[in-house]
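Peer 1: Sharing a structure here in structure tokens format.
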Amino acid sequence: MSATPPEPPADPEGSGGVPEGPAGHGPPATPGGRAGAGTVSRLLGDWRSEGVAVHVALRDALAELIDGAYLPAGQRMPGQRELAAALGVARGTVVRAYAELTEAGRLVARHGSGTYVRGTAAAAGRAGEGRLRSFDDRPVVADLSSGALPRSPLVADVMPDVGRLLAEGSPDDTGYHPAGLPALRSALADRFTARGLPTREDQILVTAGSQQAVWLVATALTGPGTLALVEDPSYRGALEALAGAGARVRGVPFGPSGLDLGLLEAAAPGARLLYVQSALHNPTGVHTSGERRQELAALADRHGLLLVDDQSQAELGWFRSEPLHGLERYADPERLLVLGTLSKLFWGGLRIGWVRGPRELVGRLAELRRGIDLGGPVAEQLAALVLLPHAARERERRRAFLATQYEETAALLHRLLPAWTWHTPAGGSGLWADTGGEAVALARRALARGIRLTPGPAFSPHGGHRGHVRLPVWQEGSRFAEAAGILAEWEGEK
């Protein structure tokens, strides 16, 4: 389709191609660590304010990050010169902003060591890489940071059935089901069994979308000092969850064929958990072949790794009518957690996900979930129960929709941004495009014009892929064309 982007370079320091994170471009902020300038720049977003002195706008924006615990207490801030370069401002601007934040008690300067977040009364938190800002209400020309799809009409169609099931339900049902509605857990277990992975109801945990599933796994099964391996690039929500749990997150290069298994072999000793998306990868859209999935499962077994296979995108394949397979055919089921969701297939507003795994681990996750919300909304779970039999029909509808949208988007990009390249995805709702330039600076410049872009470093635990952006294949109306036209103007200035 398009020219092939280069493979990620091997690590020159001899660490198996999986560096822990170069200075200035490291992983998301975690308590006691160091916030890279690129990370802080992404967190700040469009921080400038018309009519406000630049150093004041920067000071106030940094204060918001500190007060919201996006930059938690104990975090080492980027160097002044480094942050100035990332933001495209004079070093003196950062010097003044840091000085005023220090005077206000939010930062503290340590001689010979650097500047650290002193924090506020806010609870300690973690950097969110601005990911959830894709879903706020700020007006924009185009939000190209999210691949969320439009709602399926089936969601509204099944609501009368949901009301009927509620009316027929037992009046003694309290509505609290931490592990999920039994009928839905049973239906999901049957679904796994039909696809070749025998599953019981007690091996299923229903969650509020796959993001909660990822968070539960990261929080319950990793912690400070735990080494967790991920694909590089990877799903940014997983990177945030693992970093937030305090894990050491190490990326293994992921290319058009999947994970580099040689480098994974080198990285595996000492690791506890491997998070992958073998069915359909976000952000690249790659489906890992059966042969490579089998090799991956065998490698994980040799090293005693707990495999977390996030199959959230598996229903969105473009070239097959069935959901794309992951590791369930090859991995030891006692060391495998499979994550999934209905939110991608039917609607993001339907917060239904799940974890399938060993009974003991599922029980542990359910106990952790109990402390969050005591279980998900019963009405949503009933809607999922009614929608499940329509999954095949919806897959076909999505497949036709995404195929059409991809062709239109690809044609538009070829015409307006011919230097950008990508591999044709096996499915999903996004493109992993190589801009051939500095995508972080491009995203910052675009935001000032009301265009949200997510540059490659947000998908990397080591701040890599600086030339890439993840683009949606679908945008309502002519917004994508308008945004691409603006980006094309800048390309013409090169």
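Note on naming: chains are A, B, ... as they come in the structure tokens, residues start from 1 per chain, ligands start from 1 in the order shown.
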Which residues are near Asp161 of chain A? Cut-off 12 Å, only C-alpha atoms, ignore same chain within fewer than 2 positions. Put them as a list in words.

Peer 2: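 Residues meeting the cut-off are Leu154, Val155, Ala156, Asp157, Val158, Met159, Gly163, Arg164, Leu165, Leu166, Ala167, Glu168, Ala379, Glu380, Leu382, Ala383, Ala384, Leu385, Val386 and Leu387 of chain A.
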
Peer 1: Would you pick out the contacts of Ala142 of chain A at 12 Å or less, using only C-alpha atoms, so that residues sharing its chain but fewer than 3 positions from it are not included, and give the list as an MDAnalysis selection string?

Peer 2: chainID A and resid 134 138:139 145:146 446:453 471:472 474:487

Peer 1: Any chance you could export the current selection's C-alpha atoms as a PDB file, in the first residue's frame?

Peer 2:
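Final output, saved to part.pdb:
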ATOM      1  CA  SER A 134      -9.752  13.200  23.925  1.00  0.00           C
ATOM      2  CA  ARG A 138     -13.349  21.617  24.514  1.00  0.00           C
ATOM      3  CA  PRO A 139     -14.260  22.751  20.995  1.00  0.00           C
ATOM      4  CA  SER A 145      -6.442  11.633  19.026  1.00  0.00           C
ATOM      5  CA  SER A 146      -9.238   9.090  19.442  1.00  0.00           C
ATOM      6  CA  ALA A 446      -1.641  21.427  15.617  1.00  0.00           C
ATOM      7  CA  LEU A 447      -3.199  21.854  19.054  1.00  0.00           C
ATOM      8  CA  ALA A 448      -2.831  25.614  18.756  1.00  0.00           C
ATOM      9  CA  ARG A 449      -5.050  25.379  15.650  1.00  0.00           C
ATOM     10  CA  GLY A 450      -7.671  23.215  17.356  1.00  0.00           C
ATOM     11  CA  ILE A 451      -6.422  19.858  16.044  1.00  0.00           C
ATOM     12  CA  ARG A 452      -5.701  17.099  18.529  1.00  0.00           C
ATOM     13  CA  LEU A 453      -3.024  14.620  17.481  1.00  0.00           C
ATOM     14  CA  LEU A 471      -4.808   8.704  13.277  1.00  0.00           C
ATOM     15  CA  PRO A 472      -8.446   7.583  13.266  1.00  0.00           C
ATOM     16  CA  TRP A 474     -13.178   7.800  10.803  1.00  0.00           C
ATOM     17  CA  GLN A 475     -14.156  11.380  11.582  1.00  0.00           C
ATOM     18  CA  GLU A 476     -17.615  12.840  11.452  1.00  0.00           C
ATOM     19  CA  GLY A 477     -18.308  15.166   8.540  1.00  0.00           C
ATOM     20  CA  SER A 478     -15.444  16.986   6.843  1.00  0.00           C
ATOM     21  CA  ARG A 479     -13.342  17.492   9.977  1.00  0.00           C
ATOM     22  CA  PHE A 480     -10.589  15.115   8.930  1.00  0.00           C
ATOM     23  CA  ALA A 481     -10.255  16.797   5.544  1.00  0.00           C
ATOM     24  CA  GLU A 482     -10.083  20.237   7.154  1.00  0.00           C
ATOM     25  CA  ALA A 483      -7.440  19.085   9.624  1.00  0.00           C
ATOM     26  CA  ALA A 484      -5.399  17.322   6.941  1.00  0.00           C
ATOM     27  CA  GLY A 485      -5.506  20.479   4.842  1.00  0.00           C
ATOM     28  CA  ILE A 486      -4.022  22.490   7.718  1.00  0.00           C
ATOM     29  CA  LEU A 487      -1.305  19.889   8.259  1.00  0.00           C
TER      30      LEU A 487
END

Peer 1: Rounded to one decimal in Å, what is the spacing between atom CA of Pro182 of chain A and atom CA of Gly237 of chain A?

Peer 2: 27.8 Å

Peer 1: Based on DSSP run over this structure's backbone, return all residues of segment 162-374 of chain A in strand (DSSP E or B), as an mmCIF file with N, CA and C atoms, in the first residue's frame.

Peer 2:
data_model
loop_
_atom_site.group_PDB
_atom_site.id
_atom_site.type_symbol
_atom_site.label_atom_id
_atom_site.label_comp_id
_atom_site.auth_asym_id
_atom_site.auth_seq_id
_atom_site.Cartn_x
_atom_site.Cartn_y
_atom_site.Cartn_z
ATOM 1 N N ILE A 204 -14.548 -15.802 34.785
ATOM 2 C CA ILE A 204 -14.867 -14.541 34.104
ATOM 3 C C ILE A 204 -15.122 -13.446 35.131
ATOM 4 N N LEU A 205 -14.516 -12.293 34.902
ATOM 5 C CA LEU A 205 -14.816 -11.081 35.661
ATOM 6 C C LEU A 205 -15.313 -10.032 34.686
ATOM 7 N N VAL A 206 -16.511 -9.513 34.899
ATOM 8 C CA VAL A 206 -17.044 -8.433 34.068
ATOM 9 C C VAL A 206 -16.541 -7.107 34.635
ATOM 10 N N THR A 207 -16.059 -6.232 33.763
ATOM 11 C CA THR A 207 -15.489 -4.952 34.192
ATOM 12 C C THR A 207 -16.169 -3.795 33.475
ATOM 13 N N LEU A 227 8.984 -5.913 37.160
ATOM 14 C CA LEU A 227 9.317 -5.692 35.760
ATOM 15 C C LEU A 227 8.194 -6.228 34.880
ATOM 16 N N ALA A 228 7.559 -5.329 34.144
ATOM 17 C CA ALA A 228 6.493 -5.691 33.211
ATOM 18 C C ALA A 228 6.963 -5.401 31.794
ATOM 19 N N LEU A 229 6.816 -6.364 30.916
ATOM 20 C CA LEU A 229 7.206 -6.198 29.521
ATOM 21 C C LEU A 229 5.985 -5.860 28.681
ATOM 22 N N VAL A 230 6.182 -4.974 27.717
ATOM 23 C CA VAL A 230 5.105 -4.582 26.808
ATOM 24 C C VAL A 230 5.662 -4.480 25.402
ATOM 25 N N GLU A 231 4.771 -4.459 24.445
ATOM 26 C CA GLU A 231 5.174 -4.170 23.072
ATOM 27 C C GLU A 231 5.516 -2.679 22.977
ATOM 28 N N ASP A 232 6.410 -2.349 22.076
ATOM 29 C CA ASP A 232 6.776 -0.949 21.866
ATOM 30 C C ASP A 232 6.694 -0.652 20.376
ATOM 31 N N ARG A 248 8.157 -1.309 36.764
ATOM 32 C CA ARG A 248 9.172 -0.936 35.781
ATOM 33 C C ARG A 248 8.688 -1.468 34.439
ATOM 34 N N VAL A 249 8.424 -0.572 33.513
ATOM 35 C CA VAL A 249 7.834 -0.953 32.233
ATOM 36 C C VAL A 249 8.924 -0.937 31.165
ATOM 37 N N ARG A 250 9.144 -2.077 30.564
ATOM 38 C CA ARG A 250 10.183 -2.196 29.541
ATOM 39 C C ARG A 250 9.545 -2.605 28.225
ATOM 40 N N GLY A 251 9.839 -1.872 27.183
ATOM 41 C CA GLY A 251 9.258 -2.145 25.876
ATOM 42 C C GLY A 251 10.140 -3.030 25.023
ATOM 43 N N VAL A 252 9.512 -3.907 24.267
ATOM 44 C CA VAL A 252 10.193 -4.763 23.298
ATOM 45 C C VAL A 252 9.711 -4.343 21.909
ATOM 46 N N PRO A 253 10.628 -4.081 20.985
ATOM 47 C CA PRO A 253 10.224 -3.586 19.667
ATOM 48 C C PRO A 253 9.166 -4.453 18.994
ATOM 49 N N PHE A 254 8.173 -3.774 18.446
ATOM 50 C CA PHE A 254 7.046 -4.410 17.765
ATOM 51 C C PHE A 254 6.984 -3.839 16.354
ATOM 52 N N GLY A 255 7.018 -4.724 15.358
ATOM 53 C CA GLY A 255 6.994 -4.280 13.973
ATOM 54 C C GLY A 255 5.841 -4.870 13.197
ATOM 55 N N GLY A 258 4.913 -8.318 14.247
ATOM 56 C CA GLY A 258 4.669 -8.559 15.656
ATOM 57 C C GLY A 258 5.896 -8.290 16.503
ATOM 58 N N LEU A 259 5.919 -8.892 17.691
ATOM 59 C CA LEU A 259 7.031 -8.699 18.614
ATOM 60 C C LEU A 259 8.322 -9.283 18.058
ATOM 61 N N LEU A 273 5.484 -10.182 34.121
ATOM 62 C CA LEU A 273 4.264 -10.076 33.325
ATOM 63 C C LEU A 273 4.597 -9.575 31.933
ATOM 64 N N LEU A 274 3.891 -10.097 30.939
ATOM 65 C CA LEU A 274 4.021 -9.632 29.565
ATOM 66 C C LEU A 274 2.643 -9.232 29.062
ATOM 67 N N TYR A 275 2.490 -7.959 28.729
ATOM 68 C CA TYR A 275 1.235 -7.442 28.195
ATOM 69 C C TYR A 275 1.354 -7.344 26.677
ATOM 70 N N VAL A 276 0.455 -8.023 25.956
ATOM 71 C CA VAL A 276 0.484 -8.010 24.496
ATOM 72 C C VAL A 276 -0.924 -7.814 23.957
ATOM 73 N N LEU A 306 3.559 -14.368 33.260
ATOM 74 C CA LEU A 306 2.108 -14.255 33.210
ATOM 75 C C LEU A 306 1.765 -13.475 31.951
ATOM 76 N N LEU A 307 0.975 -14.073 31.076
ATOM 77 C CA LEU A 307 0.602 -13.443 29.812
ATOM 78 C C LEU A 307 -0.719 -12.709 29.956
ATOM 79 N N VAL A 308 -0.722 -11.449 29.601
ATOM 80 C CA VAL A 308 -1.947 -10.658 29.555
ATOM 81 C C VAL A 308 -2.196 -10.327 28.092
ATOM 82 N N ASP A 309 -3.183 -10.981 27.501
ATOM 83 C CA ASP A 309 -3.475 -10.804 26.081
ATOM 84 C C ASP A 309 -4.724 -9.935 25.946
ATOM 85 N N ASP A 310 -4.511 -8.688 25.598
ATOM 86 C CA ASP A 310 -5.609 -7.735 25.460
ATOM 87 C C ASP A 310 -6.208 -7.882 24.064
ATOM 88 N N GLY A 317 -11.653 -6.840 12.998
ATOM 89 C CA GLY A 317 -10.859 -7.254 11.845
ATOM 90 C C GLY A 317 -11.515 -6.837 10.542
ATOM 91 N N LEU A 336 -2.516 -17.347 31.740
ATOM 92 C CA LEU A 336 -3.040 -16.471 30.693
ATOM 93 C C LEU A 336 -4.260 -15.715 31.186
ATOM 94 N N LEU A 337 -4.239 -14.399 31.000
ATOM 95 C CA LEU A 337 -5.399 -13.549 31.213
ATOM 96 C C LEU A 337 -5.780 -12.952 29.865
ATOM 97 N N VAL A 338 -7.030 -13.142 29.465
ATOM 98 C CA VAL A 338 -7.529 -12.579 28.206
ATOM 99 C C VAL A 338 -8.482 -11.445 28.537
ATOM 100 N N LEU A 339 -8.221 -10.282 27.966
ATOM 101 C CA LEU A 339 -9.057 -9.098 28.190
ATOM 102 C C LEU A 339 -9.887 -8.841 26.934
ATOM 103 N N GLY A 340 -11.118 -8.421 27.133
ATOM 104 C CA GLY A 340 -11.973 -8.116 25.999
ATOM 105 C C GLY A 340 -12.999 -7.054 26.348
ATOM 106 N N THR A 341 -13.785 -6.661 25.357
ATOM 107 C CA THR A 341 -14.774 -5.600 25.560
ATOM 108 C C THR A 341 -15.847 -5.642 24.485
ATOM 109 N N GLY A 353 -16.565 -4.670 29.762
ATOM 110 C CA GLY A 353 -15.368 -5.411 29.404
ATOM 111 C C GLY A 353 -15.293 -6.653 30.261
ATOM 112 N N TRP A 354 -14.190 -7.402 30.108
ATOM 113 C CA TRP A 354 -14.061 -8.622 30.909
ATOM 114 C C TRP A 354 -12.610 -9.082 30.976
ATOM 115 N N VAL A 355 -12.367 -9.925 31.965
ATOM 116 C CA VAL A 355 -11.105 -10.651 32.094
ATOM 117 C C VAL A 355 -11.460 -12.132 32.178
ATOM 118 N N ARG A 356 -10.790 -12.949 31.381
ATOM 119 C CA ARG A 356 -10.918 -14.403 31.482
ATOM 120 C C ARG A 356 -9.567 -14.936 31.953
#

Peer 1: Choose the residue, out of A:Arg42, A:Asp260, A:Gln381, A:Met77, that has the smallest atom-to-atom separation from Leu442 of chain A; count only C-alpha atoms.

Peer 2: A:Arg42

Peer 1: Each residue of segment 243-317 of chain A lying at most 12 Å from segment 391-400 of chain A should get a row with its shortest atom-to-atom pair and the distance in Å to one decimal, counting only C-alpha atoms; could you produce that, ordered by chain and increasing number, as a Markdown table?

Peer 2:
| residue | atom | partner | partner_atom | distance |
| --- | --- | --- | --- | --- |
| A:Gln313 | CA | A:Arg395 | CA | 11.3 |
| A:Ala314 | CA | A:Arg395 | CA | 10.1 |
| A:Glu315 | CA | A:Arg395 | CA | 6.4 |
| A:Leu316 | CA | A:Arg395 | CA | 6.7 |
| A:Gly317 | CA | A:Arg399 | CA | 6.9 |

Peer 1: Could you tell me which of A:Val473, A:Leu280, A:Val378, A:Leu83 comes closest to Thr404 of chain A if we count only C-alpha atoms?

Peer 2: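 Ranking A:Val473, A:Leu280, A:Val378, A:Leu83 by distance to Thr404 of chain A, first place goes to A:Val473.
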
Peer 1: Taking only C-alpha atoms into account, which of A:Leu365, A:Leu43, A:Ala441, A:Leu342 comes nearest Ala86 of chain A?

Peer 2: A:Ala441

Peer 1: Which residue out of A:Leu261, A:Leu149, A:Thr435, A:Arg444 has the minimum interatomic distance to Phe401 of chain A when only C-alpha atoms are used?

Peer 2: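 Counting only C-alpha atoms, the residue closest to Phe401 of chain A is A:Leu149.
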
Peer 1: Would you pick out the contacts of His414 of chain A at 12 Å or less, using only C-alpha atoms, so that residues sharing its chain but fewer than 5 positions from it are not included, and give the list as a count of residues only?

Peer 2: 17

Peer 1: Of the residues A:Ser257, A:Ser210, A:Ser113, A:Thr193, which is the one nearest to Ser343 of chain A, using only C-alpha atoms?

Peer 2: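 Using only C-alpha atoms, the shortest distance to Ser343 of chain A belongs to A:Ser210.
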
Peer 1: If we count only C-alpha atoms, what is near Ala208 of chain A at a cut-off of 6 Å, once residues fewer than 2 positions away on the same chain are taken out, given as a ChimeraX atom specification?

Peer 2: /A:212,351-353

Peer 1: Write to file, as a tab-separated table (two decimals), in the first residue's frame, the residues of the selection just made, with C-alpha atoms.

Peer 2:
chain	number	residue	atom	x	y	z
A	212	GLN	CA	-10.78	-1.01	33.98
A	351	ARG	CA	-18.89	0.20	29.51
A	352	ILE	CA	-18.67	-3.57	29.38
A	353	GLY	CA	-15.37	-5.41	29.40

Peer 1: In Å to one decimal, how far is atom CA of Tyr116 of chain A from atom CA of Gln75 of chain A?

Peer 2: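 Result for atom CA of Gln75 of chain A versus atom CA of Tyr116 of chain A: 5.5 Å, one decimal.
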
Peer 1: Could you pull the residues within 9 Å of Pro150 of chain A, counting only C-alpha atoms, minus those fewer than 6 positions along the same chain, as an mmCIF file with C-alpha atoms, in the first residue's frame?

Peer 2:
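As written to disk, selection09.cif reads:
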data_model
loop_
_atom_site.group_PDB
_atom_site.id
_atom_site.type_symbol
_atom_site.label_atom_id
_atom_site.label_comp_id
_atom_site.auth_asym_id
_atom_site.auth_seq_id
_atom_site.Cartn_x
_atom_site.Cartn_y
_atom_site.Cartn_z
ATOM 1 C CA PHE A 346 -21.116 -1.579 19.847
ATOM 2 C CA TRP A 347 -20.390 1.765 21.547
ATOM 3 C CA GLY A 348 -17.872 3.398 23.847
ATOM 4 C CA GLU A 476 -17.615 12.840 11.452
#
